[in-house]
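See below for run.cif, which holds mmCIF, C-alpha atoms and all ligand atoms.
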```
data_final
#
loop_
_atom_site.label_atom_id
_atom_site.label_comp_id
_atom_site.auth_asym_id
_atom_site.auth_seq_id
_atom_site.Cartn_x
_atom_site.Cartn_y
_atom_site.Cartn_z
CA MET A 1 301.93 96.30 11.12
CA LYS A 2 298.63 94.96 12.49
CA PHE A 3 296.38 92.56 10.63
CA ASP A 4 292.64 92.61 10.64
CA PRO A 5 291.83 89.26 12.30
CA ASP A 6 288.96 88.83 9.84
CA ASP A 7 291.19 89.35 6.84
CA ALA A 8 291.57 85.87 5.41
CA GLU A 9 293.45 87.34 2.46
CA VAL A 10 296.76 87.59 4.29
CA PRO A 11 298.66 84.39 3.37
CA GLU A 12 299.74 82.15 6.23
CA PRO A 13 303.49 82.48 5.50
CA VAL A 14 303.16 86.26 5.77
CA ARG A 15 301.30 85.95 9.08
CA ARG A 16 303.96 83.56 10.34
CA LYS A 17 306.85 85.79 9.34
CA HIS A 18 305.22 88.79 10.95
CA ALA A 19 304.44 86.89 14.16
CA LEU A 20 308.02 85.66 14.46
CA ALA A 21 309.43 89.13 13.85
CA GLU A 22 307.13 90.60 16.49
CA THR A 23 308.09 87.84 18.92
CA ARG A 24 311.79 88.58 18.44
CA GLN A 25 311.06 92.21 19.18
CA VAL A 26 309.09 91.31 22.35
CA LEU A 27 311.90 89.05 23.55
CA ALA A 28 314.49 91.78 23.00
CA GLU A 29 312.28 94.25 24.88
CA ALA A 30 311.88 91.79 27.75
CA SER A 31 315.65 91.43 28.05
CA ARG A 32 316.03 95.20 28.02
CA ALA A 33 313.34 95.63 30.69
CA PHE A 34 315.01 93.08 32.95
CA SER A 35 318.59 94.21 32.32
CA PRO A 36 318.89 95.96 35.73
CA TRP A 37 318.60 92.53 37.40
CA SER A 38 321.21 89.81 37.42
CA CYS A 39 321.68 86.34 38.84
CA PRO A 40 324.68 84.06 39.38
CA SER A 41 323.63 81.84 36.43
CA THR A 42 323.43 78.60 38.35
CA ALA A 43 320.72 77.31 35.95
CA GLU A 44 318.65 76.20 38.93
CA CYS A 45 315.60 77.72 37.26
CA CYS A 46 316.23 75.41 34.26
CA GLN A 47 315.87 72.30 36.43
CA LEU A 48 312.25 72.14 35.43
CA GLY A 49 311.54 68.79 37.07
CA LYS A 50 312.72 70.16 40.40
CA THR A 51 311.19 73.63 40.23
CA GLY A 52 307.86 72.44 38.81
CA ARG A 53 307.73 75.85 37.10
CA PRO A 54 308.44 75.34 33.41
CA PRO A 55 308.23 78.34 31.10
CA TRP A 56 305.03 78.46 29.04
CA LEU A 57 305.67 79.20 25.39
CA TRP A 58 303.46 80.60 22.68
CA PRO A 59 303.83 78.85 19.29
CA THR A 60 306.12 81.57 17.99
CA GLU A 61 308.52 81.08 20.90
CA TRP A 62 308.67 77.34 20.27
CA THR A 63 309.13 77.99 16.54
CA LEU A 64 312.08 80.29 17.26
CA LEU A 65 313.72 77.50 19.26
CA LEU A 66 313.19 75.05 16.39
CA GLU A 67 314.61 77.59 13.94
CA ARG A 68 317.63 78.02 16.19
CA LEU A 69 318.28 74.27 16.16
CA LYS A 70 317.90 74.26 12.39
CA ARG A 71 320.41 77.10 12.00
CA ASP A 72 322.86 75.27 14.25
CA LEU A 73 322.25 71.98 12.38
CA ARG A 74 321.35 70.43 15.72
CA PRO A 75 318.67 67.78 16.26
CA LEU A 76 315.92 68.16 18.81
CA PRO A 77 317.57 67.40 22.15
CA ALA A 78 316.54 64.29 24.06
CA VAL A 79 314.66 64.28 27.35
CA ARG A 80 317.12 64.71 30.21
CA ALA A 81 317.28 62.00 32.85
CA ASP A 82 317.52 64.65 35.59
CA GLY A 83 314.30 66.36 34.49
CA GLY A 84 316.13 69.53 33.46
CA CYS A 85 315.20 71.57 30.43
CA PRO A 86 316.22 69.65 27.29
CA PHE A 87 317.99 72.77 26.01
CA LEU A 88 320.56 72.67 28.81
CA ASP A 89 324.09 71.63 27.93
CA PRO A 90 325.20 68.12 28.99
CA ALA A 91 326.49 69.41 32.31
CA GLY A 92 323.11 71.00 33.04
CA LEU A 93 324.69 74.38 33.68
CA ARG A 94 324.23 76.42 30.52
CA CYS A 95 321.36 77.20 28.15
CA THR A 96 322.28 76.17 24.61
CA VAL A 97 319.65 78.44 23.04
CA TYR A 98 320.29 81.45 25.28
CA GLU A 99 319.92 84.17 22.60
CA ASP A 100 316.57 82.68 21.55
CA ARG A 101 315.29 81.68 24.99
CA PRO A 102 311.57 82.20 25.62
CA PHE A 103 309.91 85.08 27.39
CA GLY A 104 309.48 83.14 30.65
CA CYS A 105 313.21 82.43 30.81
CA ARG A 106 314.00 86.14 30.42
CA THR A 107 311.61 87.30 33.11
CA PHE A 108 311.95 84.56 35.75
CA PHE A 109 312.71 85.71 39.28
CA CYS A 110 314.20 83.43 41.93
CA HIS A 111 315.66 84.02 45.37
CA ARG A 112 319.13 84.56 43.90
CA VAL A 113 318.24 87.51 41.70
CA LYS A 114 319.86 90.87 42.46
CA GLY A 115 318.60 94.29 41.37
CA PRO A 116 316.02 96.98 42.07
CA SER A 117 313.22 96.06 44.48
CA ALA A 118 310.38 96.95 42.09
CA GLN A 119 309.84 94.56 39.20
CA PRO A 120 308.70 95.86 35.77
CA THR A 121 305.22 94.38 36.16
CA PHE A 122 303.34 96.71 33.83
CA GLU A 123 305.91 96.46 31.06
CA THR A 124 305.94 92.67 31.41
CA ASN A 125 302.16 92.53 31.09
CA ASP A 126 302.22 94.81 28.04
CA LEU A 127 304.83 92.62 26.38
CA LEU A 128 302.85 89.49 27.18
CA HIS A 129 299.79 91.01 25.53
CA GLN A 130 301.88 91.88 22.49
CA LEU A 131 303.17 88.30 22.34
CA GLU A 132 299.66 86.92 22.61
CA GLY A 133 298.44 89.28 19.88
CA ALA A 134 301.25 88.31 17.52
CA ASN A 135 300.36 84.63 17.96
CA LEU A 136 296.63 85.09 17.53
CA GLU A 137 297.22 87.03 14.33
CA TRP A 138 299.16 84.04 13.05
CA GLN A 139 296.91 81.24 14.37
CA GLU A 140 293.52 82.11 15.80
CA ASP A 141 293.53 79.03 18.06
CA ALA A 142 297.10 79.63 19.32
CA GLU A 143 297.69 79.01 22.99
CA PRO A 144 300.73 78.72 25.24
CA ARG A 145 301.97 75.36 26.50
CA PRO A 146 304.68 74.34 28.98
CA LEU A 147 308.06 73.86 27.29
CA PRO A 148 308.22 70.12 28.14
CA GLN A 149 304.86 69.65 26.43
CA TRP A 150 306.07 71.27 23.20
CA HIS A 151 309.21 69.17 23.42
CA ALA A 152 307.32 65.90 23.97
CA ALA A 153 304.98 66.65 21.08
CA ALA A 154 307.92 67.39 18.78
CA LEU A 155 309.67 64.17 19.77
CA ASP A 156 306.47 62.22 19.18
CA PRO A 157 304.23 64.13 16.72
CA ALA A 158 301.45 61.57 17.38
CA ARG A 159 301.04 63.23 20.80
CA GLY A 160 300.24 66.49 19.01
S1 LIG A 201 315.28 77.43 27.35
FE1 LIG A 201 317.28 77.82 28.26
S2 LIG A 201 316.92 79.36 29.85
FE2 LIG A 201 314.93 78.44 29.34
S3 LIG A 201 314.64 76.77 30.80
FE3 LIG A 201 315.60 75.90 28.97
S4 LIG A 201 317.83 75.94 29.37
FE4 LIG A 201 316.82 77.33 30.84
#
```
As structure tokens, please, write out the structure in this file.
Amino acid sequence: MKFDPDDAEVPEPVRRKHALAETRQVLAEASRAFSPWSCPSTAECCQLGKTGRPPWLWPTEWTLLLERLKRDLRPLPAVRADGGCPFLDPAGLRCTVYEDRPFGCRTFFCHRVKGPSAQPTFETNDLLHQLEGANLEWQEDAEPRPLPQWHAAALDPARG
């Protein structure tokens, strides 16, 4: 279902629910599109301080991570001393929100990846547009931010 962006009649909770449902669908599609590729799961790409390439998340992606923590009765994880993603397990080897990981984590390519030579560029772009659209239908000023920025703002709401 698509909303008319000018339709102020659609209540915010309905917009939110729809945006989250669409985001889940986009994430599932991204995983399907990238299923022919695999990697040895070393979690090197999750060492965000070292790679300098954090995933950028739309609000719905961050919200899904918060909902995951809520379901698991887990608090927001602390900042890691090694600069790794805060959602890594204590050993820094495994994602603790894997099923709900953001788009960027599902589509990241590094030198260790194995699979077909051609990447699904067009499908990735289409899915990104869909993700953007879902967010803008929820919040007209929505924009993506790096994961550490969302995390810092959640730890200290004063930083917004
Ligand atoms: S959310 Fe998970 S997959 Fe993505 S960077 Fe963090 S630990 Fe890695």
The distance between CA of Gln139 in chain A and CA of Val14 in chain A is 11.8 Å
Taking all atoms of range 88-106 of chain A that appear in the file, build a box with edges along x, y and z, extend it by 4 Å on every side, and state its centre and edge lengths in Å to one decimal, as JSON.
```
{"center_x": 318.0, "center_y": 77.1, "center_z": 27.6, "size_x": 25.0, "size_y": 26.0, "size_z": 20.1}
```
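Here CA of Asn135 in chain A stands at a distance of 6.9 Å from CA of Pro59 in chain A.
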At most 6 Å is the cut-off: for each residue in chain A with any atom that close to an atom of ligand LIG 201 (chain A), write down the nearest atom pair and the distance in Å rounded to one decimal, counting all atoms listed in the file, chain first then increasing number, as a tab-separated table.
```
residue	atom	partner	partner_atom	distance
A:Cys46	CA	A:LIG201	FE4	4.0
A:Cys85	CA	A:LIG201	FE3	4.6
A:Phe87	CA	A:LIG201	S4	4.6
A:Leu88	CA	A:LIG201	S4	4.3
A:Cys95	CA	A:LIG201	S4	3.9
A:Val97	CA	A:LIG201	FE1	5.8
A:Tyr98	CA	A:LIG201	FE1	5.6
A:Arg101	CA	A:LIG201	S1	4.9
A:Cys105	CA	A:LIG201	FE2	4.6
```
When you draw a straight line from CA of Pro11 in chain A to CA of Pro102 in chain A, how long is it in Å?
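Straight-line distance from CA of Pro11 in chain A to CA of Pro102 in chain A works out to 25.8 Å.
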Need the shell around range 120-127 of chain A: protein/DNA/RNA residues with any atom at most 12 Å away, counting only C-alpha atoms. Skip same-chain ones fewer than 6 positions apart. Format as a PDB file with C-alpha atoms, keeping the file's coordinate frame?
```
ATOM      1  CA  GLU A  22     307.130  90.600  16.490  1.00  0.00           C
ATOM      2  CA  THR A  23     308.090  87.840  18.920  1.00  0.00           C
ATOM      3  CA  ARG A  24     311.790  88.580  18.440  1.00  0.00           C
ATOM      4  CA  GLN A  25     311.060  92.210  19.180  1.00  0.00           C
ATOM      5  CA  VAL A  26     309.090  91.310  22.350  1.00  0.00           C
ATOM      6  CA  LEU A  27     311.900  89.050  23.550  1.00  0.00           C
ATOM      7  CA  ALA A  28     314.490  91.780  23.000  1.00  0.00           C
ATOM      8  CA  GLU A  29     312.280  94.250  24.880  1.00  0.00           C
ATOM      9  CA  ALA A  30     311.880  91.790  27.750  1.00  0.00           C
ATOM     10  CA  SER A  31     315.650  91.430  28.050  1.00  0.00           C
ATOM     11  CA  ARG A  32     316.030  95.200  28.020  1.00  0.00           C
ATOM     12  CA  ALA A  33     313.340  95.630  30.690  1.00  0.00           C
ATOM     13  CA  PHE A  34     315.010  93.080  32.950  1.00  0.00           C
ATOM     14  CA  SER A  35     318.590  94.210  32.320  1.00  0.00           C
ATOM     15  CA  PRO A  36     318.890  95.960  35.730  1.00  0.00           C
ATOM     16  CA  TRP A  37     318.600  92.530  37.400  1.00  0.00           C
ATOM     17  CA  PHE A 103     309.910  85.080  27.390  1.00  0.00           C
ATOM     18  CA  GLY A 104     309.480  83.140  30.650  1.00  0.00           C
ATOM     19  CA  ARG A 106     314.000  86.140  30.420  1.00  0.00           C
ATOM     20  CA  THR A 107     311.610  87.300  33.110  1.00  0.00           C
ATOM     21  CA  PHE A 108     311.950  84.560  35.750  1.00  0.00           C
ATOM     22  CA  PHE A 109     312.710  85.710  39.280  1.00  0.00           C
ATOM     23  CA  GLY A 133     298.440  89.280  19.880  1.00  0.00           C
ATOM     24  CA  ALA A 134     301.250  88.310  17.520  1.00  0.00           C
TER      25      ALA A 134
END
```
Give me the residues near Trp58 in chain A as a PyMOL selection string, where near means some atom within 12 Å (using all atoms listed in the file) and where sequence neighbours in that chain fewer than 3 positions away do not count.
chain A and resi 19-20+23+27+55+61-65+102-104+128-136+138-139+141-147+149-150
Go ahead and dump the residues you just picked, C-alpha atoms, as a PDB file, in the frame of the given file.
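Done, and the output landed in out-v5.pdb:
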```pdb
ATOM      1  CA  ALA A  19     304.440  86.890  14.160  1.00  0.00           C
ATOM      2  CA  LEU A  20     308.020  85.660  14.460  1.00  0.00           C
ATOM      3  CA  THR A  23     308.090  87.840  18.920  1.00  0.00           C
ATOM      4  CA  LEU A  27     311.900  89.050  23.550  1.00  0.00           C
ATOM      5  CA  PRO A  55     308.230  78.340  31.100  1.00  0.00           C
ATOM      6  CA  GLU A  61     308.520  81.080  20.900  1.00  0.00           C
ATOM      7  CA  TRP A  62     308.670  77.340  20.270  1.00  0.00           C
ATOM      8  CA  THR A  63     309.130  77.990  16.540  1.00  0.00           C
ATOM      9  CA  LEU A  64     312.080  80.290  17.260  1.00  0.00           C
ATOM     10  CA  LEU A  65     313.720  77.500  19.260  1.00  0.00           C
ATOM     11  CA  PRO A 102     311.570  82.200  25.620  1.00  0.00           C
ATOM     12  CA  PHE A 103     309.910  85.080  27.390  1.00  0.00           C
ATOM     13  CA  GLY A 104     309.480  83.140  30.650  1.00  0.00           C
ATOM     14  CA  LEU A 128     302.850  89.490  27.180  1.00  0.00           C
ATOM     15  CA  HIS A 129     299.790  91.010  25.530  1.00  0.00           C
ATOM     16  CA  GLN A 130     301.880  91.880  22.490  1.00  0.00           C
ATOM     17  CA  LEU A 131     303.170  88.300  22.340  1.00  0.00           C
ATOM     18  CA  GLU A 132     299.660  86.920  22.610  1.00  0.00           C
ATOM     19  CA  GLY A 133     298.440  89.280  19.880  1.00  0.00           C
ATOM     20  CA  ALA A 134     301.250  88.310  17.520  1.00  0.00           C
ATOM     21  CA  ASN A 135     300.360  84.630  17.960  1.00  0.00           C
ATOM     22  CA  LEU A 136     296.630  85.090  17.530  1.00  0.00           C
ATOM     23  CA  TRP A 138     299.160  84.040  13.050  1.00  0.00           C
ATOM     24  CA  GLN A 139     296.910  81.240  14.370  1.00  0.00           C
ATOM     25  CA  ASP A 141     293.530  79.030  18.060  1.00  0.00           C
ATOM     26  CA  ALA A 142     297.100  79.630  19.320  1.00  0.00           C
ATOM     27  CA  GLU A 143     297.690  79.010  22.990  1.00  0.00           C
ATOM     28  CA  PRO A 144     300.730  78.720  25.240  1.00  0.00           C
ATOM     29  CA  ARG A 145     301.970  75.360  26.500  1.00  0.00           C
ATOM     30  CA  PRO A 146     304.680  74.340  28.980  1.00  0.00           C
ATOM     31  CA  LEU A 147     308.060  73.860  27.290  1.00  0.00           C
ATOM     32  CA  GLN A 149     304.860  69.650  26.430  1.00  0.00           C
ATOM     33  CA  TRP A 150     306.070  71.270  23.200  1.00  0.00           C
TER      34      TRP A 150
END
```
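Residue nearest Gly115 in chain A, chosen from A:Ser38, A:Lys50, A:Arg94, A:Trp56 and counting all atoms listed in the file: A:Ser38.
Of the listed residues (A:Ala118, A:Arg112, A:Arg71, A:Pro90), A:Arg112 comes nearest to Pro40 in chain A; the distances count all atoms listed in the file.
The smallest atom-to-atom distance between Pro86 in chain A and any of A:His111, A:Arg53, A:Thr60, A:His151, using all atoms listed in the file, is found for A:His151.
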Pick the closest to Gly92 in chain A from A:Cys45, A:Leu76, A:Cys39, A:Ala152: which is it, counting only C-alpha atoms?
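With only C-alpha atoms as the atom set, the closest residue is A:Cys45.
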